[in-house]
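**Student:** Structure provided below as structure tokens; questions to follow.
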Amino acid sequence: MRQAVIVDIVRTASGKGKPGGALSGVHPVDLYATVLRALAERNDLDPGRVEDVITGCVGQAGQQAMNIGRNAVLAAGWPESVPATTIDRQCGSSQQAMHFAAQGVMAGAYDIVVAGGVESMSRVPMGVSTLGQDPQGPGVARRYPQGLVGQGVSAELIAQKWGLSRERLDEYSARSHRLAAETANAGGFDHEIVPVQDGDARFAADETIRPATSPEGLAALRPSFDAPEMRERFPDLDWRITAGNSSPLTDGAAAALIMGEDVAAKLGLRARARFHAFAVAGDDPLLMLTAPIPATQQVLARAGLGIDAIDAYEVNEAFAPVPLAWLAELGGDPERLNCRGGAIALGHPLGASGIRLMATMLNHLEATGGRYGLQTMCEGGGLANATVVERL
């Protein structure tokens, strides 16, 4: 079968997803256009050769409506002939975009394709597209008469089920900030971050990393989801999820240049990684955030690899219980998990996070000489994608 490879992968730095955040003054179309332009420029590639731009975005409303992928292609100055589409698999949207792009190359539908993602949570707040509406309908309500819950409460249920104490969650979260700060100080993110220009301001460092974070400081934060109606419904929960052991609201964009390995060779471009296996899984929509576990089991089986063969794992830190429950079930090496920090420190710009994880993981594999990397992320509704790549 034809091999699909990553030639380059870039992201913006993460901005706080609130008014006054470093990227809040940038329209999301222009934010995404920045990484598209960077891919073409860094690789001396005629953008007219790109056969599709597959874009992940969760909040497809307001300034992110009307196929933001297409609008960003136009804003980037790429030829009008370059098509684009925008997809939604919740937090895994851009990881799914990578899957579609790579699978299209492997099937012969594309020679060169871009997968990317964008989210401006300062401009398009989470959930704005469902305000005043019921996105699930009576059929889901009949199937789950007890009612589903938001992701924060799902994280509480996972912490309870896996016996993850507040202290364990806060220790893990402090580790995320420490590793991210160490990597940033050593220049480890420099190759993946492209600067964003906003007037005279130039933004090129993650705003969400807090180097001074400590377990003791996090212990002082109050639980975020301890509402009276939830306490009545779940009287046994002791409410451990806080702003400190959750990913912050974030603005950001990311994109990957994907093509056939044969095409990269003809163009004289270095293939950095080969797609090795893919999986997507569904799981309990009440727990919601546990699907990375079966998705990982599936992708390892398809790859013919055991967890010990994987040199680095990126498990999105939407909430601290997610990677910790994953680690408990998969039995991996904690030292290989989110080695450069995760979303608790680096942010979670929903539609862009899948590509961001891959960028960070691939740079880590290159820096350490690792061969295989695995990434997986929990997604709204009890879904998850998982991907195994092989560094070249």
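In the structure tokens, chains take letters A, B, ... by order of appearance, with residues numbered from 1 within each chain and ligands from 1 in the order shown.
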Would you list the contacts of Ala101 of chain A as a VMD selection string, taking every protein, DNA or RNA residue within 10 Å and counting only C-alpha atoms, but skipping same-chain residues closer than 6 positions in sequence?
**Tutor:** chain A and resid 4 52 to 55 95 107 109 to 116 256 to 259
**Student:** Could you write out the selected residues, including C-alpha atoms, as a compact mmCIF listing (two decimals), in the first residue's frame?
**Tutor:**
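Full text of result-v6.txt as output:
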```txt
# COMPACT_ATOMS: atom_id res chain seq x y z
CA ALA A 4 1.36 8.51 3.77
CA ASP A 52 -7.49 19.58 -0.21
CA VAL A 53 -7.34 21.27 3.18
CA ILE A 54 -9.18 19.25 5.83
CA THR A 55 -9.84 21.35 8.90
CA GLN A 95 -6.66 14.40 14.61
CA ALA A 107 -6.09 5.23 -1.06
CA ALA A 109 -7.30 10.06 -3.69
CA TYR A 110 -4.63 12.67 -2.87
CA ASP A 111 -0.97 13.25 -3.59
CA ILE A 112 -0.61 16.31 -1.34
CA VAL A 113 -3.08 17.37 1.33
CA VAL A 114 -3.09 19.59 4.42
CA ALA A 115 -4.76 18.60 7.68
CA GLY A 116 -5.26 21.32 10.25
CA ALA A 256 0.33 19.35 8.92
CA LEU A 257 1.61 18.83 5.38
CA ILE A 258 0.83 15.24 4.40
CA MET A 259 1.66 13.52 1.12
```
**Student:** Select from segment 332-366 of chain A every residue with an atom at most 12 Å from any atom of segment 261-283 of chain A, then for each give the shortest pair of atoms and their distance in Å to one decimal, using only C-alpha atoms, rows by chain and rising number, as CSV.
**Tutor:**
```
residue,atom,partner,partner_atom,distance
A:Met358,CA,A:Ala273,CA,10.3
A:Ala359,CA,A:Ala273,CA,10.8
A:Met361,CA,A:Ala273,CA,10.8
A:Leu362,CA,A:Ala273,CA,7.6
A:Asn363,CA,A:Arg272,CA,9.5
A:Leu365,CA,A:Ala273,CA,9.7
A:Glu366,CA,A:Arg272,CA,8.5
```
**Student:** Just how far from atom CA of Tyr372 of chain A is atom CA of Ile310 of chain A, in Å to one decimal?
**Tutor:**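 Here the two named atoms are 5.0 Å from each other.
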**Student:** Report the residues of segment 181-277 of chain A whose backbone DSSP state falls under alpha helix (DSSP H), written as a PyMOL selection string.
**Tutor:** chain A and resi 181-185+215-218+228-233+261-267
**Student:** Please compute the atom CA of Pro223 of chain A-atom CA of Ile344 of chain A distance, one decimal, in Å.
**Tutor:** 15.7 Å
**Student:** Tell me, counting only C-alpha atoms, for each residue of segment 229-343 of chain A within 12 Å of segment 202-209 of chain A, which pair of atoms is nearest and how far apart they are in Å to one decimal, in rows ordered by chain and increasing number, as a Markdown table.
**Tutor:**
```
| residue | atom | partner | partner_atom | distance |
| --- | --- | --- | --- | --- |
| A:Gly244 | CA | A:Thr208 | CA | 11.5 |
| A:Ser246 | CA | A:Thr208 | CA | 12.0 |
| A:Ser247 | CA | A:Thr208 | CA | 9.4 |
| A:Pro248 | CA | A:Thr208 | CA | 7.5 |
| A:Leu249 | CA | A:Thr208 | CA | 9.2 |
| A:Thr250 | CA | A:Thr208 | CA | 8.0 |
| A:Asp251 | CA | A:Glu207 | CA | 9.9 |
| A:Gly252 | CA | A:Asp206 | CA | 9.8 |
| A:Arg340 | CA | A:Ile209 | CA | 11.4 |
| A:Gly341 | CA | A:Ile209 | CA | 9.3 |
| A:Gly342 | CA | A:Ile209 | CA | 9.9 |
| A:Ala343 | CA | A:Thr208 | CA | 9.1 |
```
**Student:** Would you mind exporting the chosen residues as a PDB file, in the first residue's frame, restricted to C-alpha atoms?
**Tutor:**
```pdb
ATOM      1  CA  GLY A 244      -5.808  23.702  37.947  1.00  0.00           C
ATOM      2  CA  SER A 246      -8.123  20.845  33.790  1.00  0.00           C
ATOM      3  CA  SER A 247      -7.003  22.234  30.451  1.00  0.00           C
ATOM      4  CA  PRO A 248      -7.531  25.990  30.077  1.00  0.00           C
ATOM      5  CA  LEU A 249      -9.685  27.698  27.459  1.00  0.00           C
ATOM      6  CA  THR A 250      -7.276  28.374  24.600  1.00  0.00           C
ATOM      7  CA  ASP A 251      -6.876  30.052  21.215  1.00  0.00           C
ATOM      8  CA  GLY A 252      -4.683  28.391  18.610  1.00  0.00           C
ATOM      9  CA  ARG A 340       6.886  17.763  27.132  1.00  0.00           C
ATOM     10  CA  GLY A 341       3.824  18.592  29.181  1.00  0.00           C
ATOM     11  CA  GLY A 342       0.272  18.391  27.955  1.00  0.00           C
ATOM     12  CA  ALA A 343      -2.870  20.422  27.505  1.00  0.00           C
TER      13      ALA A 343
END
```
**Student:** Take atom CA of Arg70 of chain A and atom CA of Glu379 of chain A and report the distance between them in Å, one decimal.
**Tutor:**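 According to the coordinates, atom CA of Arg70 of chain A and atom CA of Glu379 of chain A are separated by 24.1 Å.
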